[in-house]
Amino acid sequence: MFELFQSENNQKFYFNLKAKNGQIIMSSQGYADKSGAKNGIDSCKKNSTDDSKFERKTAKNGKFHFNLKAGNGQIIGSSQMYASEAGMENGIESVKKNAGSAETKDLTE
């Protein structure tokens with residue numbers, strides 16, 4: 001499920017993609033308005049099945065994470081840190097499997 005929300009301090013809009021167990025798989029950047037965040041969710045759905053849109057990264061501390069990129073190369077969402085490469089790959093597979101059909105819960109209404 002995608003959760004669309006607005007931060008209290010800087011008034012930007014964000015979304016999280018959550019697994020069925022409630023764990024956050026991926027988080028967005030901040031958007032100036034709600035329509036921008038909704039477009040980001042649509043872009044996630046569109047690009048989530050294309051493995052080439054996932055950028056796999058290793059942090060300086062040795063942990064693994066990924067970014068999902070749009071067709072224009074901009075980062076749509078970023079994952080949490082994973083202790084293992086296998087954990088990161090499982091996260092990517094979860095996005096591929098679930099994002100395209102995920103419902104959006106608008107927490108701003």
# chains A, B, ... in the order shown; residues from 1 in each chain; ligands from 1
call {"tool": "closest_atom_pairs", "arguments": {"of": "segment 28-58 of chain A", "to": "segment 5-17 of chain A", "cutoff": "6 Å", "atoms": "only C-alpha atoms", "output": "CSV"}}
result
residue,atom,partner,partner_atom,distance
A:Ser28,CA,A:Phe15,CA,5.4
A:Gly30,CA,A:Tyr14,CA,5.2
A:Tyr31,CA,A:Phe13,CA,4.9
A:Ala32,CA,A:Lys12,CA,5.2
A:Lys34,CA,A:Phe13,CA,5.9
call {"tool": "write_last_selection", "arguments": {"atoms": "all heavy atoms", "output": "short mmCIF file (atom, residue, chain, number, x, y, z; two decimals), in the first residue's frame"}}
result
data_model
loop_
_atom_site.label_atom_id
_atom_site.label_comp_id
_atom_site.auth_asym_id
_atom_site.auth_seq_id
_atom_site.Cartn_x
_atom_site.Cartn_y
_atom_site.Cartn_z
N SER A 28 9.56 8.22 -0.49
CA SER A 28 9.76 9.20 -1.56
C SER A 28 10.57 10.39 -1.07
O SER A 28 10.79 10.58 0.12
CB SER A 28 8.42 9.71 -2.07
OG SER A 28 7.83 10.60 -1.13
N GLY A 30 10.52 14.68 -1.01
CA GLY A 30 9.45 15.62 -0.70
C GLY A 30 8.94 16.29 -1.96
O GLY A 30 9.73 16.63 -2.84
N TYR A 31 7.63 16.45 -2.04
CA TYR A 31 7.00 17.13 -3.17
C TYR A 31 6.33 18.40 -2.68
O TYR A 31 5.77 18.43 -1.58
CB TYR A 31 5.93 16.23 -3.81
CG TYR A 31 6.49 15.01 -4.49
CD1 TYR A 31 6.66 13.82 -3.79
CD2 TYR A 31 6.86 15.04 -5.83
CE1 TYR A 31 7.16 12.69 -4.41
CE2 TYR A 31 7.36 13.91 -6.46
CZ TYR A 31 7.52 12.74 -5.75
OH TYR A 31 8.02 11.62 -6.36
N ALA A 32 6.34 19.45 -3.50
CA ALA A 32 5.78 20.74 -3.12
C ALA A 32 4.26 20.68 -2.97
O ALA A 32 3.69 21.40 -2.16
CB ALA A 32 6.14 21.81 -4.15
N LYS A 34 0.43 18.04 -3.42
CA LYS A 34 -0.13 16.70 -3.41
C LYS A 34 -0.12 16.07 -4.80
O LYS A 34 0.14 14.88 -4.94
CB LYS A 34 -1.55 16.73 -2.85
CG LYS A 34 -2.11 15.33 -2.62
CD LYS A 34 -3.59 15.33 -2.34
CE LYS A 34 -3.91 15.67 -0.93
NZ LYS A 34 -5.30 15.35 -0.56
#
call {"tool": "closest_atom_pairs", "arguments": {"of": "segment 25-79 of chain A", "to": "segment 88-107 of chain A", "cutoff": "7 Å", "atoms": "only C-alpha atoms", "output": "Markdown table"}}
result
| residue | atom | partner | partner_atom | distance |
| --- | --- | --- | --- | --- |
| A:Ile25 | CA | A:Gly91 | CA | 6.4 |
| A:Cys44 | CA | A:Ala99 | CA | 6.9 |
| A:Lys45 | CA | A:Gly100 | CA | 4.2 |
| A:Lys46 | CA | A:Gly100 | CA | 6.8 |
| A:Ser48 | CA | A:Lys96 | CA | 5.0 |
| A:Thr49 | CA | A:Lys96 | CA | 4.9 |
| A:Phe64 | CA | A:Met88 | CA | 6.1 |
| A:His65 | CA | A:Met88 | CA | 6.0 |
call {"tool": "atom_distance", "arguments": {"atom1": "atom CA of Lys53 of chain A", "atom2": "atom CA of Lys20 of chain A"}}
result
23.1 Å
call {"tool": "atom_distance", "arguments": {"atom1": "atom CA of Ala19 of chain A", "atom2": "atom CA of Asn72 of chain A"}}
result
26.4 Å
call {"tool": "closest_residue", "arguments": {"among": "A:Ser27, A:Ser35, A:Thr108, A:Ser43", "to": "Phe66 of chain A", "atoms": "only C-alpha atoms"}}
result
A:Ser27
call {"tool": "atom_distance", "arguments": {"atom1": "atom CA of Asn67 of chain A", "atom2": "atom CA of Gly36 of chain A"}}
result
18.3 Å
call {"tool": "closest_residue", "arguments": {"among": "A:Ala70, A:Leu4, A:Ile75, A:Met81", "to": "Ala37 of chain A", "atoms": "only C-alpha atoms"}}
result
A:Leu4
call {"tool": "select_by_dssp", "arguments": {"residues": "segment 6-102 of chain A", "states": "strand (DSSP E)", "output": "number ranges by chain"}}
result
A: 6, 13-18, 24-28, 54-58, 64-69, 75-79
call {"tool": "write_last_selection", "arguments": {"atoms": "N, CA, C and O atoms", "output": "compact mmCIF listing (two decimals), in the first residue's frame"}}
result
# COMPACT_ATOMS: atom_id res chain seq x y z
N GLN A 6 1.58 14.40 4.52
CA GLN A 6 2.22 15.71 4.51
C GLN A 6 2.99 15.89 5.81
O GLN A 6 2.48 15.58 6.88
N PHE A 13 4.83 17.09 0.69
CA PHE A 13 4.08 15.84 0.59
C PHE A 13 5.05 14.70 0.28
O PHE A 13 6.00 14.87 -0.49
N TYR A 14 4.79 13.56 0.89
CA TYR A 14 5.63 12.38 0.74
C TYR A 14 4.74 11.15 0.58
O TYR A 14 3.56 11.19 0.89
N PHE A 15 5.36 10.04 0.15
CA PHE A 15 4.66 8.77 0.21
C PHE A 15 5.62 7.69 0.63
O PHE A 15 6.83 7.78 0.43
N ASN A 16 5.05 6.67 1.26
CA ASN A 16 5.77 5.45 1.61
C ASN A 16 5.07 4.29 0.92
O ASN A 16 3.84 4.28 0.84
N LEU A 17 5.85 3.33 0.47
CA LEU A 17 5.29 2.06 0.01
C LEU A 17 5.50 1.09 1.16
O LEU A 17 6.63 0.89 1.60
N LYS A 18 4.40 0.52 1.64
CA LYS A 18 4.46 -0.37 2.79
C LYS A 18 4.11 -1.80 2.39
O LYS A 18 3.24 -2.02 1.55
N ILE A 24 7.90 -0.30 6.09
CA ILE A 24 8.15 0.59 4.95
C ILE A 24 9.22 -0.04 4.06
O ILE A 24 10.32 -0.33 4.51
N ILE A 25 8.87 -0.22 2.79
CA ILE A 25 9.81 -0.77 1.81
C ILE A 25 10.58 0.35 1.14
O ILE A 25 11.77 0.24 0.88
N MET A 26 9.87 1.44 0.84
CA MET A 26 10.47 2.53 0.07
C MET A 26 9.79 3.84 0.45
O MET A 26 8.60 3.87 0.71
N SER A 27 10.58 4.93 0.48
CA SER A 27 10.07 6.26 0.80
C SER A 27 10.42 7.23 -0.31
O SER A 27 11.46 7.10 -0.96
N SER A 28 9.56 8.22 -0.49
CA SER A 28 9.76 9.20 -1.56
C SER A 28 10.57 10.39 -1.07
O SER A 28 10.79 10.58 0.12
N PHE A 54 15.98 -0.03 -11.12
CA PHE A 54 16.45 -0.13 -9.73
C PHE A 54 17.95 0.07 -9.68
O PHE A 54 18.70 -0.60 -10.37
N GLU A 55 18.36 1.03 -8.87
CA GLU A 55 19.77 1.32 -8.66
C GLU A 55 20.18 0.70 -7.33
O GLU A 55 19.70 1.09 -6.27
N ARG A 56 21.02 -0.32 -7.40
CA ARG A 56 21.49 -1.02 -6.20
C ARG A 56 22.74 -0.32 -5.68
O ARG A 56 23.66 -0.07 -6.44
N LYS A 57 22.76 -0.06 -4.37
CA LYS A 57 23.86 0.71 -3.79
C LYS A 57 24.38 0.04 -2.52
O LYS A 57 23.63 -0.65 -1.84
N THR A 58 25.64 0.30 -2.22
CA THR A 58 26.24 -0.13 -0.96
C THR A 58 26.72 1.13 -0.23
O THR A 58 27.47 1.92 -0.79
N PHE A 64 23.26 -2.26 2.51
CA PHE A 64 22.77 -2.20 1.14
C PHE A 64 21.44 -1.46 1.09
O PHE A 64 20.64 -1.53 2.02
N HIS A 65 21.21 -0.76 -0.02
CA HIS A 65 19.94 -0.08 -0.24
C HIS A 65 19.74 0.11 -1.74
O HIS A 65 20.65 -0.13 -2.54
N PHE A 66 18.53 0.52 -2.10
CA PHE A 66 18.25 0.73 -3.52
C PHE A 66 17.41 1.99 -3.72
O PHE A 66 16.75 2.47 -2.81
N ASN A 67 17.49 2.50 -4.95
CA ASN A 67 16.64 3.59 -5.40
C ASN A 67 15.84 3.09 -6.60
O ASN A 67 16.36 2.31 -7.40
N LEU A 68 14.62 3.56 -6.72
CA LEU A 68 13.82 3.33 -7.92
C LEU A 68 13.83 4.62 -8.71
O LEU A 68 13.54 5.69 -8.16
N LYS A 69 14.20 4.51 -9.98
CA LYS A 69 14.31 5.71 -10.81
C LYS A 69 13.23 5.73 -11.89
O LYS A 69 12.80 4.69 -12.38
N ILE A 75 15.27 9.99 -9.06
CA ILE A 75 14.92 9.01 -8.03
C ILE A 75 13.49 9.26 -7.58
O ILE A 75 13.12 10.37 -7.20
N ILE A 76 12.67 8.21 -7.65
CA ILE A 76 11.28 8.28 -7.22
C ILE A 76 11.18 7.88 -5.75
O ILE A 76 10.45 8.48 -4.97
N GLY A 77 11.90 6.83 -5.39
CA GLY A 77 11.84 6.33 -4.02
C GLY A 77 13.14 5.68 -3.62
O GLY A 77 13.89 5.20 -4.47
N SER A 78 13.39 5.66 -2.32
CA SER A 78 14.60 5.06 -1.76
C SER A 78 14.22 4.08 -0.66
O SER A 78 13.28 4.32 0.10
N SER A 79 14.97 2.99 -0.58
CA SER A 79 14.66 1.96 0.40
C SER A 79 15.32 2.26 1.74
O SER A 79 16.15 3.16 1.87
